[in-house]
Structures are given as structure tokens and as C-alpha cells.
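What's in final_38.tsv: TSV, C-alpha atoms
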```
chain	number	residue	atom	x	y	z
A	1	MET	CA	-9.51	12.79	14.65
A	2	LYS	CA	-7.72	16.06	15.54
A	3	PRO	CA	-5.57	16.26	12.37
A	4	LEU	CA	-8.74	16.54	10.26
A	5	ARG	CA	-9.36	19.96	11.82
A	6	ASP	CA	-6.44	21.22	9.79
A	7	PRO	CA	-7.74	22.16	6.28
A	8	ALA	CA	-4.44	21.24	4.60
A	9	PHE	CA	-4.29	17.72	6.02
A	10	ALA	CA	-8.04	17.25	5.44
A	11	ARG	CA	-7.65	18.11	1.77
A	12	LEU	CA	-4.68	15.76	1.39
A	13	TRP	CA	-6.71	13.07	3.16
A	14	ILE	CA	-9.65	13.43	0.76
A	15	ALA	CA	-7.38	13.55	-2.30
A	16	ALA	CA	-5.61	10.40	-1.13
A	17	PHE	CA	-8.99	8.70	-0.81
A	18	PHE	CA	-9.81	9.28	-4.46
A	19	SER	CA	-6.33	8.23	-5.57
A	20	GLU	CA	-6.43	4.99	-3.56
A	21	THR	CA	-10.00	4.22	-4.65
A	22	ALA	CA	-8.89	4.41	-8.27
A	23	GLU	CA	-5.84	2.23	-7.55
A	24	TRP	CA	-7.98	-0.47	-5.91
A	25	MET	CA	-10.35	-0.54	-8.87
A	26	LEU	CA	-7.51	-1.60	-11.17
A	27	GLN	CA	-5.84	-3.83	-8.57
A	28	ILE	CA	-9.01	-5.91	-8.43
A	29	ALA	CA	-10.14	-5.75	-12.05
A	30	LEU	CA	-6.92	-6.29	-14.01
A	31	PRO	CA	-5.64	-9.55	-12.40
A	32	VAL	CA	-9.13	-11.05	-12.61
A	33	PHE	CA	-9.42	-9.98	-16.26
A	34	VAL	CA	-6.03	-11.54	-17.08
A	35	PHE	CA	-6.82	-14.76	-15.19
A	36	GLN	CA	-10.13	-15.15	-16.98
A	37	ALA	CA	-8.60	-14.35	-20.38
A	38	THR	CA	-5.67	-16.77	-20.02
A	39	GLY	CA	-6.75	-19.30	-17.36
A	40	SER	CA	-3.17	-19.30	-16.06
A	41	ALA	CA	-2.00	-18.48	-12.53
A	42	ALA	CA	1.56	-18.08	-13.84
A	43	THR	CA	0.43	-15.49	-16.41
A	44	THR	CA	-1.55	-13.68	-13.73
A	45	ALA	CA	1.54	-13.65	-11.53
A	46	LEU	CA	3.60	-12.24	-14.42
A	47	SER	CA	1.12	-9.41	-14.90
A	48	ILE	CA	1.38	-8.57	-11.21
A	49	VAL	CA	5.18	-8.64	-11.35
A	50	LEU	CA	5.29	-6.35	-14.40
A	51	GLY	CA	3.19	-3.92	-12.41
A	52	LEU	CA	5.73	-3.93	-9.56
A	53	VAL	CA	9.17	-3.91	-11.20
A	54	PRO	CA	9.06	-0.21	-12.20
A	55	ALA	CA	8.62	0.74	-8.54
A	56	VAL	CA	11.94	-0.95	-7.80
A	57	MET	CA	13.74	0.52	-10.81
A	58	LEU	CA	12.51	4.05	-10.13
A	59	SER	CA	13.20	4.02	-6.39
A	60	PRO	CA	16.32	6.26	-6.57
A	61	VAL	CA	14.50	8.83	-8.69
A	62	ALA	CA	11.28	8.69	-6.61
A	63	GLY	CA	13.07	9.37	-3.33
A	64	VAL	CA	15.10	12.25	-4.67
A	65	ILE	CA	12.03	13.81	-6.31
A	66	ALA	CA	10.14	13.57	-3.00
A	67	ASP	CA	12.99	15.39	-1.21
A	68	ARG	CA	13.78	18.02	-3.85
A	69	TRP	CA	10.48	18.95	-5.48
A	70	ASN	CA	7.22	20.37	-4.21
A	71	ARG	CA	5.53	17.25	-2.82
A	72	ARG	CA	1.99	18.49	-3.41
A	73	LEU	CA	2.80	19.23	-7.05
A	74	VAL	CA	4.32	15.76	-7.45
A	75	LEU	CA	1.09	14.19	-6.16
A	76	CYS	CA	-1.06	16.30	-8.49
A	77	VAL	CA	1.00	15.47	-11.58
A	78	VAL	CA	1.08	11.75	-10.70
A	79	CYS	CA	-2.73	11.57	-10.47
A	80	ALA	CA	-3.09	13.23	-13.86
A	81	GLY	CA	-0.40	10.95	-15.32
A	82	GLN	CA	-2.07	7.80	-14.05
A	83	ALA	CA	-5.29	8.82	-15.77
A	84	PHE	CA	-3.44	9.39	-19.05
A	85	VAL	CA	-1.53	6.08	-19.11
A	86	ALA	CA	-4.74	4.12	-18.39
A	87	LEU	CA	-6.32	5.18	-21.69
A	88	PRO	CA	-4.95	2.15	-23.65
A	89	LEU	CA	-7.13	-0.08	-21.46
A	90	LEU	CA	-10.10	1.19	-23.48
A	91	PHE	CA	-8.45	-0.48	-26.49
A	92	VAL	CA	-8.21	-3.77	-24.59
A	93	ALA	CA	-11.83	-3.44	-23.51
A	94	SER	CA	-12.93	-3.17	-27.14
A	95	GLY	CA	-11.14	-6.38	-28.11
A	96	GLY	CA	-7.45	-5.42	-28.17
A	97	PRO	CA	-4.70	-7.83	-27.08
A	98	VAL	CA	-4.37	-8.64	-23.39
A	99	PHE	CA	-0.63	-7.91	-23.35
A	100	VAL	CA	-1.41	-4.16	-23.50
A	101	ILE	CA	-2.47	-4.53	-19.86
A	102	TYR	CA	1.11	-5.37	-18.91
A	103	GLY	CA	2.39	-2.04	-20.21
A	104	VAL	CA	-0.38	-0.13	-18.44
A	105	MET	CA	0.33	-1.90	-15.15
A	106	ALA	CA	4.03	-1.10	-15.49
A	107	ALA	CA	3.32	2.58	-16.17
A	108	GLN	CA	0.85	2.78	-13.29
A	109	ALA	CA	3.39	1.21	-10.93
A	110	GLY	CA	6.08	3.64	-12.04
A	111	LEU	CA	3.86	6.62	-11.28
A	112	ALA	CA	2.69	5.11	-7.98
A	113	SER	CA	6.34	4.80	-6.94
A	114	LEU	CA	6.51	8.61	-7.11
A	115	PHE	CA	3.23	9.10	-5.25
A	116	GLU	CA	3.80	7.11	-2.05
A	117	PRO	CA	7.13	8.63	-0.88
A	118	ALA	CA	5.92	12.17	-1.62
A	119	ARG	CA	2.60	11.70	0.19
A	120	ASN	CA	4.06	10.07	3.29
A	121	ALA	CA	6.92	12.57	3.47
A	122	LEU	CA	4.38	15.41	3.17
A	123	VAL	CA	2.24	14.30	6.14
A	124	PRO	CA	4.82	15.34	8.81
A	125	GLU	CA	4.84	18.82	7.24
A	126	LEU	CA	1.08	19.19	7.72
A	127	VAL	CA	0.61	17.91	11.31
A	128	PRO	CA	2.58	18.42	14.55
A	129	PRO	CA	4.90	15.54	15.64
A	130	GLY	CA	2.60	14.48	18.49
A	131	GLU	CA	-0.26	13.89	16.03
A	132	LEU	CA	1.71	11.90	13.45
A	133	ILE	CA	0.51	8.42	14.48
A	134	GLY	CA	-3.06	9.75	14.62
A	135	ALA	CA	-2.64	11.20	11.14
A	136	ASN	CA	-1.31	7.86	9.87
A	137	GLY	CA	-4.32	6.18	11.47
A	138	LEU	CA	-6.61	8.52	9.57
A	139	MET	CA	-4.73	7.69	6.37
A	140	SER	CA	-5.35	4.02	7.20
A	141	ILE	CA	-9.07	4.72	7.56
A	142	ASN	CA	-8.87	6.42	4.20
A	143	GLY	CA	-7.15	3.41	2.68
A	144	SER	CA	-9.71	1.06	4.17
A	145	VAL	CA	-12.68	3.00	2.79
A	146	ALA	CA	-10.89	3.29	-0.57
A	147	ARG	CA	-10.32	-0.47	-0.58
A	148	LEU	CA	-13.98	-1.06	0.17
A	149	ALA	CA	-15.22	1.37	-2.48
A	150	GLY	CA	-12.59	0.62	-5.10
A	151	GLY	CA	-12.58	-3.14	-4.57
A	152	TRP	CA	-16.33	-3.45	-4.86
A	153	ALA	CA	-16.49	-1.04	-7.80
A	154	GLY	CA	-13.68	-2.78	-9.67
A	155	GLY	CA	-15.14	-6.26	-9.26
A	156	LEU	CA	-18.76	-5.31	-9.86
A	157	LEU	CA	-18.08	-3.04	-12.86
A	158	LEU	CA	-15.93	-5.75	-14.45
A	159	GLY	CA	-18.60	-8.37	-13.88
A	160	PHE	CA	-21.57	-6.36	-15.09
A	161	GLY	CA	-20.12	-3.93	-17.63
A	162	GLY	CA	-16.70	-5.20	-18.60
A	163	LEU	CA	-13.29	-3.56	-18.47
A	164	GLY	CA	-14.47	-0.43	-20.28
A	165	TRP	CA	-16.75	0.55	-17.41
A	166	VAL	CA	-13.91	0.07	-14.94
A	167	VAL	CA	-11.62	2.36	-16.95
A	168	VAL	CA	-14.18	5.16	-17.32
A	169	ALA	CA	-14.90	5.16	-13.58
A	170	TYR	CA	-11.15	5.04	-12.84
A	171	LEU	CA	-10.49	8.11	-14.97
A	172	GLY	CA	-13.27	10.10	-13.32
A	173	VAL	CA	-12.05	9.32	-9.80
A	174	LEU	CA	-8.46	10.33	-10.63
A	175	VAL	CA	-9.56	13.66	-12.12
A	176	ILE	CA	-11.21	14.55	-8.80
A	177	GLY	CA	-8.10	13.58	-6.84
A	178	SER	CA	-5.87	15.69	-9.07
A	179	ALA	CA	-8.16	18.73	-8.74
A	180	LEU	CA	-8.01	18.54	-4.93
A	181	LEU	CA	-4.21	18.71	-5.05
A	182	ALA	CA	-4.05	21.70	-7.38
A	183	ARG	CA	-3.90	24.39	-4.64
A	184	PRO	CA	-0.91	24.80	-2.25
A	185	PHE	CA	-1.09	23.53	1.36
A	186	ARG	CA	-0.56	25.53	4.54
A	187	ARG	CA	2.21	23.69	6.39
A	188	VAL	CA	2.79	23.30	10.13
A	189	ALA	CA	6.46	22.50	9.54
A	190	ALA	CA	8.49	24.11	6.78
A	191	PRO	CA	10.02	21.69	4.29
A	192	LYS	CA	13.62	20.87	5.08
A	193	PRO	CA	16.10	22.26	2.55
A	194	ALA	CA	17.27	19.58	0.14
A	195	GLY	CA	20.89	20.72	0.26
A	196	PRO	CA	23.28	20.52	-2.69
A	197	HIS	CA	21.89	18.76	-5.74
A	198	GLU	CA	24.34	15.88	-5.84
A	199	PRO	CA	23.85	13.13	-8.47
A	200	VAL	CA	20.63	11.14	-8.08
A	201	LEU	CA	22.35	7.84	-7.37
A	202	ARG	CA	24.56	9.37	-4.69
A	203	ALA	CA	21.57	11.09	-3.08
A	204	TRP	CA	19.63	7.82	-3.04
A	205	LEU	CA	22.60	5.93	-1.56
A	206	ASP	CA	22.68	8.56	1.19
A	207	GLY	CA	19.16	7.54	2.18
A	208	LEU	CA	20.08	3.86	1.89
A	209	HIS	CA	23.04	4.33	4.24
A	210	GLU	CA	20.70	5.88	6.79
A	211	ILE	CA	18.70	2.65	6.87
A	212	GLY	CA	21.91	0.74	7.62
A	213	ARG	CA	22.88	3.12	10.43
A	214	GLU	CA	19.55	3.24	12.27
A	215	GLY	CA	18.41	0.15	14.22
A	216	ARG	CA	14.70	0.85	13.85
A	217	LEU	CA	15.08	1.21	10.08
A	218	ARG	CA	17.02	-2.06	9.88
A	219	LEU	CA	14.20	-3.80	11.74
A	220	ALA	CA	11.70	-2.22	9.35
A	221	GLY	CA	13.75	-3.63	6.48
A	222	VAL	CA	13.46	-7.18	7.81
A	223	VAL	CA	9.70	-6.73	8.17
A	224	VAL	CA	9.42	-5.37	4.62
A	225	VAL	CA	11.19	-8.43	3.18
A	226	LEU	CA	9.05	-11.02	4.96
A	227	THR	CA	5.66	-9.30	4.72
A	228	SER	CA	6.17	-8.27	1.09
A	229	LEU	CA	6.94	-11.86	0.09
A	230	ALA	CA	3.69	-12.78	1.84
A	231	GLN	CA	1.80	-10.02	0.03
A	232	GLY	CA	3.10	-11.14	-3.36
A	233	MET	CA	1.93	-14.66	-2.64
A	234	PHE	CA	-1.43	-13.32	-1.55
A	235	LEU	CA	-2.01	-11.34	-4.77
A	236	VAL	CA	-1.84	-14.53	-6.84
A	237	LEU	CA	-3.32	-17.00	-4.36
A	238	PHE	CA	-6.31	-14.85	-3.44
A	239	VAL	CA	-7.70	-14.91	-6.99
A	240	VAL	CA	-7.21	-18.70	-7.18
A	241	PHE	CA	-8.65	-19.13	-3.67
A	242	VAL	CA	-11.89	-17.28	-4.44
A	243	LEU	CA	-12.48	-18.46	-8.02
A	244	ASP	CA	-11.36	-22.09	-7.66
A	245	ILE	CA	-11.54	-23.12	-3.98
A	246	LEU	CA	-14.61	-21.08	-2.98
A	247	ASP	CA	-16.10	-21.33	-6.51
A	248	GLY	CA	-16.78	-17.58	-6.45
A	249	THR	CA	-17.30	-14.93	-9.16
A	250	GLU	CA	-15.56	-11.71	-10.22
A	251	GLY	CA	-17.91	-9.82	-7.95
A	252	ASP	CA	-16.96	-12.08	-5.05
A	253	VAL	CA	-13.28	-11.32	-5.62
A	254	GLY	CA	-13.95	-7.60	-5.35
A	255	LEU	CA	-16.33	-8.08	-2.44
A	256	LEU	CA	-13.93	-10.18	-0.34
A	257	ARG	CA	-10.99	-7.86	-1.03
A	258	GLY	CA	-13.11	-4.79	-0.36
A	259	VAL	CA	-14.73	-6.06	2.83
A	260	GLN	CA	-11.32	-6.07	4.53
A	261	ALA	CA	-11.89	-2.33	4.76
A	262	LEU	CA	-14.50	-2.84	7.49
A	263	GLY	CA	-11.96	-4.21	9.96
A	264	GLY	CA	-9.46	-1.68	8.68
A	265	LEU	CA	-11.89	1.13	9.45
A	266	ALA	CA	-12.22	0.04	13.07
A	267	ALA	CA	-8.45	-0.29	13.45
A	268	GLY	CA	-7.87	3.04	11.74
A	269	PHE	CA	-10.21	4.80	14.16
A	270	ALA	CA	-8.41	3.11	17.06
A	271	VAL	CA	-5.00	4.24	15.80
A	272	ALA	CA	-6.28	7.76	15.21
A	273	THR	CA	-7.79	8.03	18.72
A	274	VAL	CA	-7.07	5.72	21.65
A	275	ALA	CA	-3.97	4.04	20.22
A	276	ARG	CA	-2.26	7.10	18.77
A	277	LYS	CA	0.34	7.13	21.58
A	278	VAL	CA	1.19	3.43	21.31
A	279	ALA	CA	4.78	2.76	20.23
A	280	PRO	CA	4.99	1.97	16.49
A	281	ALA	CA	6.90	-1.28	17.13
A	282	ALA	CA	4.08	-2.53	19.38
A	283	LEU	CA	1.47	-1.81	16.71
A	284	LEU	CA	3.65	-3.52	14.11
A	285	GLY	CA	4.39	-6.62	16.19
A	286	TRP	CA	1.00	-7.40	17.67
A	287	GLY	CA	-0.88	-6.38	14.53
A	288	GLY	CA	1.34	-8.60	12.39
A	289	LEU	CA	0.95	-11.57	14.74
A	290	ALA	CA	-2.85	-11.32	14.65
A	291	LEU	CA	-2.73	-10.99	10.86
A	292	GLY	CA	-0.64	-14.15	10.45
A	293	LEU	CA	-2.74	-16.29	12.79
A	294	LEU	CA	-6.06	-15.13	11.39
A	295	SER	CA	-4.82	-15.69	7.82
A	296	ALA	CA	-3.97	-19.30	8.72
A	297	VAL	CA	-7.52	-19.81	9.97
A	298	ILE	CA	-9.03	-18.38	6.77
A	299	TRP	CA	-6.89	-20.45	4.39
A	300	ASN	CA	-7.67	-23.73	6.16
A	301	LEU	CA	-11.37	-23.14	6.78
A	302	PRO	CA	-12.64	-24.41	3.37
A	303	ALA	CA	-12.06	-27.94	4.72
A	304	LEU	CA	-15.08	-27.24	6.92
A	305	THR	CA	-17.17	-24.71	4.97
A	306	ALA	CA	-17.15	-22.68	1.76
A	307	SER	CA	-19.97	-20.36	2.87
A	308	LEU	CA	-19.44	-16.90	1.39
A	309	GLY	CA	-21.04	-15.31	4.46
A	310	VAL	CA	-18.47	-16.89	6.79
A	311	PHE	CA	-15.58	-15.67	4.65
A	312	LEU	CA	-17.09	-12.19	4.37
A	313	GLY	CA	-16.95	-11.97	8.15
A	314	LEU	CA	-13.41	-13.31	8.40
A	315	PHE	CA	-12.01	-11.14	5.62
A	316	GLY	CA	-13.69	-8.15	7.23
A	317	LEU	CA	-11.99	-9.03	10.51
A	318	VAL	CA	-8.53	-9.57	9.02
A	319	GLY	CA	-8.44	-5.98	7.78
A	320	ALA	CA	-7.97	-4.72	11.36
A	321	PRO	CA	-4.58	-6.26	12.21
A	322	GLY	CA	-3.38	-5.39	8.70
A	323	VAL	CA	-4.02	-1.70	9.35
A	324	LEU	CA	-2.43	-1.85	12.81
A	325	ALA	CA	0.73	-3.43	11.40
A	326	GLY	CA	0.85	-1.07	8.43
A	327	SER	CA	0.42	2.04	10.60
A	328	GLY	CA	3.11	0.78	12.96
A	329	LEU	CA	5.58	0.17	10.12
A	330	LEU	CA	4.97	3.54	8.48
A	331	SER	CA	5.24	5.44	11.78
A	332	LEU	CA	8.42	3.55	12.66
A	333	VAL	CA	10.03	4.62	9.39
A	334	GLN	CA	8.75	8.20	9.53
A	335	THR	CA	10.05	8.79	13.05
A	336	ALA	CA	13.39	7.04	12.56
A	337	ALA	CA	14.36	8.73	9.28
A	338	SER	CA	15.85	12.23	9.33
A	339	PRO	CA	13.43	14.79	7.78
A	340	GLU	CA	15.79	15.85	4.99
A	341	ARG	CA	16.17	12.23	3.83
A	342	SER	CA	12.69	10.94	4.59
A	343	GLY	CA	11.62	10.83	0.95
A	344	ARG	CA	14.63	8.71	-0.01
A	345	VAL	CA	14.22	6.39	2.96
A	346	LEU	CA	10.50	5.96	2.26
A	347	SER	CA	11.11	5.37	-1.45
A	348	THR	CA	13.64	2.66	-0.57
A	349	VAL	CA	11.11	1.01	1.75
A	350	PHE	CA	8.44	1.13	-0.95
A	351	ALA	CA	10.89	-0.17	-3.55
A	352	GLY	CA	11.77	-3.06	-1.27
A	353	THR	CA	8.08	-3.70	-0.76
A	354	ALA	CA	7.46	-3.76	-4.52
A	355	GLY	CA	10.52	-5.89	-5.25
A	356	PHE	CA	9.83	-8.60	-2.71
A	357	THR	CA	6.11	-8.53	-3.53
A	358	ALA	CA	7.08	-9.22	-7.14
A	359	LEU	CA	9.37	-12.04	-6.02
A	360	GLY	CA	6.61	-13.56	-3.90
A	361	ALA	CA	4.17	-13.42	-6.83
A	362	LEU	CA	6.69	-15.00	-9.21
A	363	LEU	CA	7.57	-17.80	-6.82
A	364	THR	CA	3.88	-18.51	-6.29
A	365	GLY	CA	3.18	-18.68	-10.01
A	366	TRP	CA	6.06	-21.14	-10.48
A	367	LEU	CA	5.37	-23.29	-7.41
A	368	LEU	CA	1.58	-23.47	-7.49
A	369	ASP	CA	1.42	-26.59	-9.62
A	370	VAL	CA	4.24	-28.23	-7.63
A	371	LEU	CA	3.22	-27.56	-4.02
A	372	GLY	CA	-0.47	-26.80	-4.37
A	373	THR	CA	-2.57	-23.89	-3.21
A	374	GLY	CA	-3.01	-25.14	0.38
A	375	VAL	CA	0.70	-25.38	1.17
A	376	LEU	CA	1.48	-21.96	-0.30
A	377	LEU	CA	-1.38	-20.32	1.55
A	378	ASN	CA	0.00	-21.59	4.87
A	379	VAL	CA	3.50	-20.42	3.97
A	380	GLN	CA	2.01	-16.99	3.29
A	381	ALA	CA	0.41	-16.87	6.74
A	382	GLY	CA	3.63	-18.14	8.32
A	383	LEU	CA	5.70	-15.30	6.86
A	384	HIS	CA	3.47	-12.73	8.59
A	385	THR	CA	3.73	-14.63	11.86
A	386	VAL	CA	7.53	-14.94	11.76
A	387	SER	CA	7.91	-11.24	10.94
A	388	ALA	CA	5.75	-10.27	13.91
A	389	LEU	CA	7.64	-12.54	16.31
A	390	ILE	CA	10.94	-10.93	15.25
A	391	VAL	CA	9.57	-7.45	15.96
A	392	LEU	CA	8.19	-8.46	19.36
A	393	GLY	CA	11.42	-10.24	20.25
A	394	VAL	CA	13.62	-7.27	19.35
A	395	SER	CA	11.29	-4.89	21.22
A	396	ALA	CA	11.29	-7.09	24.34
A	397	SER	CA	15.10	-7.28	24.30
A	398	GLY	CA	15.34	-3.50	24.70
A	399	ARG	CA	17.57	-3.13	21.64
A	400	LEU	CA	15.28	-0.49	20.13
A	401	ARG	CA	15.44	3.10	21.27
A	402	ALA	CA	12.22	4.50	22.70
A	403	ASP	CA	10.03	5.01	19.66
A	404	ALA	CA	6.84	6.42	21.10
A	405	ILE	CA	6.18	9.90	19.79
A	406	PRO	CA	5.90	12.55	22.52
A	407	ALA	CA	2.90	14.83	22.48
A	408	VAL	CA	3.70	18.31	21.15
A	409	PRO	CA	1.00	20.95	21.65
A	410	ARG	CA	-0.11	22.89	18.59
A	411	THR	CA	0.86	26.55	18.65
A	412	GLY	CA	-0.22	29.47	16.58
```

Kindly transcribe the structure held in the file into C-alpha cells.
Amino acid sequence: MKPLRDPAFARLWIAAFFSETAEWMLQIALPVFVFQATGSAATTALSIVLGLVPAVMLSPVAGVIADRWNRRLVLCVVCAGQAFVALPLLFVASGGPVFVIYGVMAAQAGLASLFEPARNALVPELVPPGELIGANGLMSINGSVARLAGGWAGGLLLGFGGLGWVVVAYLGVLVIGSALLARPFRRVAAPKPAGPHEPVLRAWLDGLHEIGREGRLRLAGVVVVLTSLAQGMFLVLFVVFVLDILDGTEGDVGLLRGVQALGGLAAGFAVATVARKVAPAALLGWGGLALGLLSAVIWNLPALTASLGVFLGLFGLVGAPGVLAGSGLLSLVQTAASPERSGRVLSTVFAGTAGFTALGALLTGWLLDVLGTGVLLNVQAGLHTVSALIVLGVSASGRLRADAIPAVPRTG
């Protein structure tokens, strides 16, 4: 918990909480709203894809912005922008056409593609190198609490008050996040100079070439492809799983997504404290393996029971390996990328995540009627398992350079 003693990181941490809470509110509410309005898994998948494609298209711009501009200012402007582009949802809530949601999701995704590289590239400027994994663990705690709060709020507000209530709460949360980012941060490490302002595409390709040169980044790329396909499948299948297989409600969708934060909280505390010196590849491999195996148990359990209480416990548990794997992947990328190109490398990773998540969602929407929910759910769990086994195999072979972060005492 040491990074939280630094006021700059603590303020970024709190601001990120409000931003992620708002994001989870819409992530839960909008797909459920579309599914209920259309009754189509394919249409729901399309809405998810339209909310991911801009992140892929804007990847070159997002990475260069994160490396050239003031990262705190980027985060502040993005929060304000996300609040503005959500306003048309009030029109949908009052009876407007559902297709307006697609445009809002696309705009939100475009802005989010600017937020993530800037935030994750800013963290190493605010904490010493030896505390980076701990700081990422704290960010995971943040994300877990935000998922819990935002997931529950999104599902419950949609169920009891409709989409309008969700939008009003979303706007209020984002205003707070933007206000927290308004003042400059005191940095531990000075930002690296961006160098000559070469064309955006060339600058982005520079970051892409770094991924090809660095073995740890290539491994991260393989993980991103497999786990993002699994995540895209999950986004569609989860709604169908809860509403159709478990015969749940909108509130149950938000509850089961949000409760994953409980396991994530425990894992985040572990990463921030006792596990902060563990090599990122180890966190990524073992966390991913546990995630894949536990997911397989959850998807096949309705053959024995559909008790909501049982699934609340299991979804709470599955949040822990998800946070371990996510912290390992992020730390692996942060420590392998050169500081002056970190924004571009991170934006490429996030673009790949969005692109393959979109592909996974599309494939699921098309194949659901052909293969059935049960088969696709097991494929989703299998992708996580295969990804983890690749990481553990490469690590055991010794082909990765030492990737544990050495402790560096704070000075000054």
C-alpha cells in the first residue's frame, strides 16, 4: 500500500476509481438494454463490437497523444468528453430509437482508447520502479471496487429506474473524476522527451516495431489475442447465460458482474503487498490458468444447480485470478517497453485487446444458434487456459529475460 502515501498517485488512483465506476455502469446497462429491446444475441454482439472498433482505429493517435501530450490533461479532457457524448442516451431513455446507443458506445470507446494508454504510461512517472507492481495491484483493487459499485449501480438503476437514471448517475460520477484530474501531479520521474514530432503513423509504427523486437512484448501479444477473443465471447455469452440459462433479471446481471470485484479486491491487495515482487510472467501464467479452469466449472455447473447464491460465490472467486493475470500482463508490458515509447506500445496492446474482443463478440453472435451456448462457453474457458499454458511454458524454458522488478529505494 506504499504508493498511496504519495499524494499524486493517490489522487490518480481515486480519479481512476470514478472513471472506471462510470464505465462499468454503461458496460452493464447498455448491452442488457439492447438485448431486452431487440431480443437478439447477434444485435447485442453488434452493439458491443461498435463500442470496440474505434479503439482499434484510434490506436495510432492514442499512443502518440499519450507520449507527446500532458498525460494528466489528456485524462481530464477524456472524462469530460465521455460525459458530453453520453447525453444522447437521455433521448433514448425518453423513447428515442435504440440505434442511438451504437453511436454513443462508439464515441465512448474512442475516448476510452485515449484514457488507458495515458493513465498506464503516467503511473511509472508517479511511483519509483520498485513499487510499480504494487501500484498496478492498487489500480487492480480500484478496478475491482469500481466493477462492484458500477456493475451493481448499472444493473439496479436500469431495473428500477430505467436508462435515464443510469445516465444521470454516470454523468455525476464522471464530473467528479474530471475535477480530481484538474490539478498537476508531482512526479517521481520526469516525463521522457517525446523527440522529433514525426508523422503520427510513423511514430505509431515505431512503437509497433518495439513489440516485434522484444520477446516479452511478443509473448504479451499472444496473450492479448487469445484472452481478448475469450473476453469478447464472454461479453455476449454472459448476458445470455444469466438471463436465459439461470433465468435471472437485469439486477442479477449487474450483481454477478459486480461481485467479481470481491475476489479481485483480495487479489489486488495481494499484488500490492506480498506478491509485489513476483515476476509479471508468473502472475500472468498462474492467474490465467486458474481463471480458465474456474470459468469451465462455472459454465458447466447449471447442469447440477441454478442457485443464484452458488453462482454469486463462484463469480466472486473468479475475480481473483482475473486480477492476477491482468496485473501480470500490464506489468510485463510496462517493464518491457522503453519509457519514451510506452504510450504507443500500450495503445497498441489496448487496440489489439479491443480488436480481438470485437472479433470474439462477433463470432459468438454468429455461432450461437449453430453451436449453442454450452459449447461456446467451454471454448471461452479453453482460450484462457491455452494462453496461460503458453506463458508458463515459455517462462519455464528460460527464453524470457529476468522480468522481476528490482526494489529501488525512494529518495528525496

Using all atoms listed in the file: which of A:Thr44, A:Thr353, A:Ser331, A:Ser113 has the shortest distance to Leu30 in chain A: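 Of A:Thr44, A:Thr353, A:Ser331, A:Ser113, the one nearest Leu30 in chain A, counting all atoms listed in the file, is A:Thr44.
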
Residues near Arg72 in chain A, anyone? I mean within 12 Å using only C-alpha atoms, not counting same-chain ones fewer than 6 positions away, as a ChimeraX atom specification. /A:8-9,11-12,15-16,65-66,78-79,114-123,125-126,177-187,191

Using only C-alpha atoms, pick whichever of A:Gly285, A:Gly221, A:Gly355, A:Gly130 has the shortest atom-to-atom distance to Gly393 in chain A. A:Gly285

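CA of Val32 in chain A lies 27.6 Å from CA of Val349 in chain A.
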
CA of Val224 in chain A sits from CA of Leu75 in chain A at a separation of 23.8 Å

With only C-alpha atoms as the atoms that count, which of A:Phe160, A:Phe241, A:Trp24, A:Phe350 lies nearest to Gly374 in chain A?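 Of all the options, A:Phe241 lies closest to Gly374 in chain A.
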
May I have the residues at most 10 Å from (6.6, -7.2, -4.4) in the file's coordinates, counting all atoms listed in the file, as a count of residues only? 30

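Residue nearest Gly143 in chain A, chosen from A:Glu23, A:Glu131, A:Asp6, A:Asp369 and counting all atoms listed in the file: A:Glu23.
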